[in-house]
Amino acid sequence: MQPIISIRGLNKRYESGFHALKNVDLDIADGDIFALLGPNGAGKTTLISVICGIVNPSDGEVRVDGHDIISDYRGARERIGLVPQELTTDAFETVWATVSFSRGLFGKPKNPAHIEKVLKDLSLWDKRNDMLMTLSGGMKRRVMIAKALSHEPKILFLDEPTAGVDVELRRSMWEVVRSLREHGVTIILTTHYLEEAEQMADRIGVINAGEIILVEDKNELMSKLGEKRLTLQLE
Ligand code: ATP
């Protein structure tokens with residue numbers, strides 16, 4: 001099957017001259033939860049930003065569901081929902097208005113039934129008339145996800161969805177992500193934590209200093225790490 005994300009020979013050099021992504025080749029399968037795992041400064045946000053068309057690559061090719069991110073930006077963008085690391089919500093806006101306004105930005109016809117479904121899937125329905133200012137951090141994060149799903153994208157990017165959240169919230173975010181996959185959305189998330197990648201992902205890519213150093217099915221990676229741990233214990 002054709003991958004939903006296909007990246008070939010991707011390089012990103014910032015104006016400062018810093019080489020943030022180095023010859024990245026990566027395929028992500030339709031319907032997968034893919035975790036991009038790496039330490040601070042590895043290039044996770046840069047890679048997401050290039051795939052989403054926010055940052056231009058220095059060279060290489062990125063195709064999103066067959067659409068080239070540069071020459072067919074609109075085609076690619078329509079397929080993408082992005083939840084950035086920083087929450088960007090308007091304190092005075094209600095949950096419903098935030099999500100339906102976001103759908104309008106894509107020129108999509110109004111579809112209250114879709115907004116209702118998204119809010120119910122994210123357990124936000126009872127809060128639909130609440131102003132964002134009144135919500136907890138976890139609920140605000142859910143609103144950001146609902147906003148990103150408002151235009152019915154095929155792919156959802158979550159940049160460090162659990163950065164700075166407590167253990168309980170982290171677990172509830174894992175549940176949200178797994179339930180979204182049931183609806184056929186491909187999910188690409190970034191994380192620092194192996195445990196988080198293990199809990200959520202089907203496939204894990206490890207990035208370090210701008211290079212993808214490994215891509216494996218989660219179960220294979222975990223059994224290899226298990227053997228390694230065992231060997232280390234025996235030594
Ligand atoms: P974190 O986990 O801390 O968010 P990350 O893996 O997402 O890190 P990036 O934010 O992609 O990493 O940054 C990768 C590298 O590129 C870092 O060394 C960063 O300082 C550098 N970088 C990011 N943005 C720019 C920029 N606009 N100009 C120059 N260098 C940049």
# chains A, B, ... in the order shown; residues from 1 in each chain; ligands from 1
$ residues_around --residues "A:Lys12" --least-positions-apart "5" --cutoff "6 Å" --atoms "only C-alpha atoms" --output "short mmCIF file (atom, residue, chain, number, x, y, z; two decimals) with C-alpha atoms, in the first residue's frame"
data_model
loop_
_atom_site.label_atom_id
_atom_site.label_comp_id
_atom_site.auth_asym_id
_atom_site.auth_seq_id
_atom_site.Cartn_x
_atom_site.Cartn_y
_atom_site.Cartn_z
CA HIS A 19 21.85 21.45 9.74
CA ALA A 20 18.69 20.36 11.59
CA LEU A 21 17.54 17.47 9.34
CA PRO A 57 13.00 22.10 3.32
CA SER A 58 16.47 22.95 1.97
#
$ closest_atom_pairs --of "chain A" --to "ligand 1" --cutoff "7 Å" --atoms "only C-alpha atoms and all ligand atoms" --output "tab-separated table"
residue	atom	partner	partner_atom_place_in_ligand_line	distance
A:Tyr14	CA	ligand 1	29 (C)	4.9
A:Glu15	CA	ligand 1	28 (N)	6.3
A:Ser16	CA	ligand 1	29 (C)	5.5
A:Phe18	CA	ligand 1	30 (N)	5.8
A:Ala20	CA	ligand 1	16 (O)	4.8
A:Gly38	CA	ligand 1	6 (O)	6.1
A:Pro39	CA	ligand 1	2 (O)	5.7
A:Asn40	CA	ligand 1	3 (O)	3.6
A:Gly41	CA	ligand 1	12 (O)	3.5
A:Ala42	CA	ligand 1	6 (O)	3.7
A:Gly43	CA	ligand 1	11 (O)	3.3
A:Lys44	CA	ligand 1	6 (O)	3.8
A:Thr45	CA	ligand 1	7 (O)	3.7
A:Thr46	CA	ligand 1	11 (O)	3.6
A:Leu47	CA	ligand 1	11 (O)	6.4
A:His192	CA	ligand 1	2 (O)	6.6
$ write_last_selection --atoms "N, CA and C atoms" --output "mmCIF file, in the first residue's frame"
data_model
loop_
_atom_site.group_PDB
_atom_site.id
_atom_site.type_symbol
_atom_site.label_atom_id
_atom_site.label_comp_id
_atom_site.auth_asym_id
_atom_site.auth_seq_id
_atom_site.Cartn_x
_atom_site.Cartn_y
_atom_site.Cartn_z
ATOM 1 N N TYR A 14 18.919 25.640 8.683
ATOM 2 C CA TYR A 14 18.359 26.942 9.040
ATOM 3 C C TYR A 14 19.289 28.046 8.545
ATOM 4 N N GLU A 15 18.765 29.284 8.539
ATOM 5 C CA GLU A 15 19.570 30.423 8.045
ATOM 6 C C GLU A 15 20.883 30.562 8.792
ATOM 7 N N SER A 16 20.843 30.162 10.067
ATOM 8 C CA SER A 16 22.069 30.238 10.886
ATOM 9 C C SER A 16 23.145 29.288 10.360
ATOM 10 N N PHE A 18 22.700 26.029 10.703
ATOM 11 C CA PHE A 18 22.529 24.785 11.458
ATOM 12 C C PHE A 18 21.806 23.723 10.621
ATOM 13 N N ALA A 20 19.624 20.946 10.619
ATOM 14 C CA ALA A 20 18.686 20.362 11.590
ATOM 15 C C ALA A 20 18.127 19.011 11.156
ATOM 16 N N GLY A 38 12.834 11.116 20.371
ATOM 17 C CA GLY A 38 14.181 11.692 20.338
ATOM 18 C C GLY A 38 14.393 12.688 21.447
ATOM 19 N N PRO A 39 15.644 12.947 21.782
ATOM 20 C CA PRO A 39 15.953 13.881 22.876
ATOM 21 C C PRO A 39 15.723 15.331 22.462
ATOM 22 N N ASN A 40 15.877 16.246 23.396
ATOM 23 C CA ASN A 40 15.776 17.685 23.116
ATOM 24 C C ASN A 40 16.679 18.073 21.959
ATOM 25 N N GLY A 41 16.123 18.857 21.043
ATOM 26 C CA GLY A 41 16.946 19.390 19.959
ATOM 27 C C GLY A 41 17.283 18.398 18.864
ATOM 28 N N ALA A 42 16.621 17.218 18.874
ATOM 29 C CA ALA A 42 16.943 16.186 17.879
ATOM 30 C C ALA A 42 16.435 16.538 16.483
ATOM 31 N N GLY A 43 15.392 17.377 16.424
ATOM 32 C CA GLY A 43 14.830 17.739 15.117
ATOM 33 C C GLY A 43 13.379 17.309 14.933
ATOM 34 N N LYS A 44 12.719 16.906 16.018
ATOM 35 C CA LYS A 44 11.341 16.406 15.921
ATOM 36 C C LYS A 44 10.388 17.492 15.419
ATOM 37 N N THR A 45 10.434 18.662 16.068
ATOM 38 C CA THR A 45 9.520 19.748 15.674
ATOM 39 C C THR A 45 9.867 20.234 14.266
ATOM 40 N N THR A 46 11.142 20.278 13.948
ATOM 41 C CA THR A 46 11.534 20.707 12.604
ATOM 42 C C THR A 46 10.962 19.751 11.559
ATOM 43 N N LEU A 47 11.050 18.452 11.829
ATOM 44 C CA LEU A 47 10.540 17.479 10.850
ATOM 45 C C LEU A 47 9.029 17.642 10.677
ATOM 46 N N HIS A 192 9.633 12.477 24.035
ATOM 47 C CA HIS A 192 10.962 12.214 24.603
ATOM 48 C C HIS A 192 10.983 10.846 25.266
#
$ atom_distance --atom1 "atom CA of A:Asn219" --atom2 "atom CA of A:Gln2"
22.4 Å
$ closest_residue --among "A:Arg142, A:His67, A:His151, A:Arg79" --to "A:Arg103" --atoms "only C-alpha atoms"
A:His151
$ select_by_dssp --residues "stretch 4-65 of chain A" --states "helix (DSSP H, G or I)" --output "PDB file with all heavy atoms, in the first residue's frame"
ATOM      1  N   LYS A  44      12.719  16.906  16.018  1.00  0.00           N
ATOM      2  CA  LYS A  44      11.341  16.406  15.921  1.00  0.00           C
ATOM      3  C   LYS A  44      10.388  17.492  15.419  1.00  0.00           C
ATOM      4  O   LYS A  44       9.627  17.278  14.477  1.00  0.00           O
ATOM      5  CB  LYS A  44      10.858  15.884  17.290  1.00  0.00           C
ATOM      6  CG  LYS A  44      11.726  14.777  17.863  1.00  0.00           C
ATOM      7  CD  LYS A  44      11.223  14.261  19.201  1.00  0.00           C
ATOM      8  CE  LYS A  44      11.269  15.254  20.338  1.00  0.00           C
ATOM      9  NZ  LYS A  44      12.638  15.694  20.727  1.00  0.00           N
ATOM     10  N   THR A  45      10.434  18.662  16.068  1.00  0.00           N
ATOM     11  CA  THR A  45       9.520  19.748  15.674  1.00  0.00           C
ATOM     12  C   THR A  45       9.867  20.234  14.266  1.00  0.00           C
ATOM     13  O   THR A  45       8.973  20.534  13.463  1.00  0.00           O
ATOM     14  CB  THR A  45       9.605  20.916  16.679  1.00  0.00           C
ATOM     15  OG1 THR A  45       9.252  20.410  17.972  1.00  0.00           O
ATOM     16  CG2 THR A  45       8.667  22.047  16.312  1.00  0.00           C
ATOM     17  N   THR A  46      11.142  20.278  13.948  1.00  0.00           N
ATOM     18  CA  THR A  46      11.534  20.707  12.604  1.00  0.00           C
ATOM     19  C   THR A  46      10.962  19.751  11.559  1.00  0.00           C
ATOM     20  O   THR A  46      10.399  20.189  10.543  1.00  0.00           O
ATOM     21  CB  THR A  46      13.081  20.767  12.476  1.00  0.00           C
ATOM     22  OG1 THR A  46      13.591  21.635  13.484  1.00  0.00           O
ATOM     23  CG2 THR A  46      13.502  21.241  11.110  1.00  0.00           C
ATOM     24  N   LEU A  47      11.050  18.452  11.829  1.00  0.00           N
ATOM     25  CA  LEU A  47      10.540  17.479  10.850  1.00  0.00           C
ATOM     26  C   LEU A  47       9.029  17.642  10.677  1.00  0.00           C
ATOM     27  O   LEU A  47       8.526  17.684   9.545  1.00  0.00           O
ATOM     28  CB  LEU A  47      10.903  16.050  11.300  1.00  0.00           C
ATOM     29  CG  LEU A  47      10.458  14.928  10.355  1.00  0.00           C
ATOM     30  CD1 LEU A  47      10.969  15.155   8.927  1.00  0.00           C
ATOM     31  CD2 LEU A  47      10.917  13.565  10.858  1.00  0.00           C
ATOM     32  N   ILE A  48       8.307  17.773  11.787  1.00  0.00           N
ATOM     33  CA  ILE A  48       6.853  17.968  11.696  1.00  0.00           C
ATOM     34  C   ILE A  48       6.551  19.262  10.925  1.00  0.00           C
ATOM     35  O   ILE A  48       5.668  19.287  10.069  1.00  0.00           O
ATOM     36  CB  ILE A  48       6.238  18.015  13.113  1.00  0.00           C
ATOM     37  CG1 ILE A  48       6.157  16.605  13.664  1.00  0.00           C
ATOM     38  CG2 ILE A  48       4.862  18.651  13.084  1.00  0.00           C
ATOM     39  CD1 ILE A  48       5.315  16.496  14.900  1.00  0.00           C
ATOM     40  N   SER A  49       7.300  20.316  11.228  1.00  0.00           N
ATOM     41  CA  SER A  49       7.045  21.604  10.573  1.00  0.00           C
ATOM     42  C   SER A  49       7.277  21.518   9.066  1.00  0.00           C
ATOM     43  O   SER A  49       6.551  22.144   8.283  1.00  0.00           O
ATOM     44  CB  SER A  49       7.953  22.688  11.151  1.00  0.00           C
ATOM     45  OG  SER A  49       7.771  22.764  12.534  1.00  0.00           O
ATOM     46  N   VAL A  50       8.261  20.751   8.665  1.00  0.00           N
ATOM     47  CA  VAL A  50       8.508  20.606   7.212  1.00  0.00           C
ATOM     48  C   VAL A  50       7.402  19.765   6.572  1.00  0.00           C
ATOM     49  O   VAL A  50       6.874  20.121   5.513  1.00  0.00           O
ATOM     50  CB  VAL A  50       9.906  19.983   6.946  1.00  0.00           C
ATOM     51  CG1 VAL A  50      10.074  19.682   5.468  1.00  0.00           C
ATOM     52  CG2 VAL A  50      11.013  20.920   7.418  1.00  0.00           C
ATOM     53  N   ILE A  51       7.008  18.678   7.242  1.00  0.00           N
ATOM     54  CA  ILE A  51       5.949  17.827   6.646  1.00  0.00           C
ATOM     55  C   ILE A  51       4.650  18.625   6.508  1.00  0.00           C
ATOM     56  O   ILE A  51       3.909  18.471   5.542  1.00  0.00           O
ATOM     57  CB  ILE A  51       5.680  16.556   7.498  1.00  0.00           C
ATOM     58  CG1 ILE A  51       6.931  15.718   7.669  1.00  0.00           C
ATOM     59  CG2 ILE A  51       4.595  15.704   6.843  1.00  0.00           C
ATOM     60  CD1 ILE A  51       6.775  14.537   8.644  1.00  0.00           C
TER      61      ILE A  51
END
$ select_by_dssp --residues "stretch 120-171 of chain A" --states "strand (DSSP E)" --output "ChimeraX atom specification"
/A:155-159
$ residues_around --residues "A:Ser6" --least-positions-apart "5" --cutoff "10 Å" --atoms "only C-alpha atoms" --output "list in words"
Asp25, Leu26, Asp27, Ile28, Ala29, Ile51, Glu61, Val62, Arg63, Val64, Asp65, Gly66, His67 and Asp68 of chain A
$ residues_around --residues "A:Ile212" --least-positions-apart "5" --cutoff "8 Å" --atoms "only C-alpha atoms" --output "PyMOL selection string"
chain A and resi 24-25+205-207
$ write_last_selection --atoms "N, CA, C and O atoms" --output "mmCIF file, in the first residue's frame"
data_model
loop_
_atom_site.group_PDB
_atom_site.id
_atom_site.type_symbol
_atom_site.label_atom_id
_atom_site.label_comp_id
_atom_site.auth_asym_id
_atom_site.auth_seq_id
_atom_site.Cartn_x
_atom_site.Cartn_y
_atom_site.Cartn_z
ATOM 1 N N VAL A 24 16.833 12.738 5.493
ATOM 2 C CA VAL A 24 15.760 11.916 6.073
ATOM 3 C C VAL A 24 14.964 11.220 4.971
ATOM 4 O O VAL A 24 14.483 11.863 4.032
ATOM 5 N N ASP A 25 14.861 9.900 5.074
ATOM 6 C CA ASP A 25 13.956 9.081 4.258
ATOM 7 C C ASP A 25 12.992 8.422 5.240
ATOM 8 O O ASP A 25 13.452 7.797 6.207
ATOM 9 N N GLY A 205 9.934 5.691 15.269
ATOM 10 C CA GLY A 205 11.132 6.177 14.585
ATOM 11 C C GLY A 205 11.971 6.932 15.602
ATOM 12 O O GLY A 205 11.434 7.726 16.371
ATOM 13 N N VAL A 206 13.259 6.651 15.619
ATOM 14 C CA VAL A 206 14.135 7.354 16.562
ATOM 15 C C VAL A 206 14.959 8.373 15.783
ATOM 16 O O VAL A 206 15.586 8.032 14.762
ATOM 17 N N ILE A 207 14.924 9.619 16.242
ATOM 18 C CA ILE A 207 15.684 10.687 15.595
ATOM 19 C C ILE A 207 16.716 11.223 16.587
ATOM 20 O O ILE A 207 16.424 11.404 17.767
#
$ closest_residue --among "A:Glu168, A:Asp90, A:Glu220, A:Asp121" --to "A:Thr134" --atoms "only C-alpha atoms"
A:Asp90
$ residues_around --residues "A:Arg203" --least-positions-apart "4" --cutoff "7 Å" --atoms "only C-alpha atoms" --output "list in words"
Ile33, Phe34, Ala35, Glu216, Asp217 and Lys218 of chain A
$ closest_residue --among "A:Ile188, A:Met144, A:Leu149, A:Met139" --to "A:Asp30" --atoms "only C-alpha atoms"
A:Ile188
$ atom_distance --atom1 "atom CA of A:Val215" --atom2 "atom CA of A:Ala201"
11.8 Å
$ residues_around --residues "A:Lys154" --least-positions-apart "6" --cutoff "7 Å" --atoms "only C-alpha atoms" --output "list in words"
Arg79, Ile80, Val185 and Thr186 of chain A
$ atom_distance --atom1 "atom CA of A:Asp32" --atom2 "atom CA of A:Arg181"
7.6 Å
$ residues_around --residues "A:Ser150" --least-positions-apart "4" --cutoff "7 Å" --atoms "only C-alpha atoms" --output "list of chain:residue names"
A:Val99, A:Ser100, A:Ser102, A:Arg103, A:Ile115, A:Ala146
$ closest_residue --among "A:Leu135, A:Val118, A:Ala148, A:Ala209" --to "A:His183" --atoms "only C-alpha atoms"
A:Val118
$ closest_residue --among "A:Gly137, A:Pro161, A:Gly210, A:Pro3" --to "A:Tyr193" --atoms "only C-alpha atoms"
A:Pro161
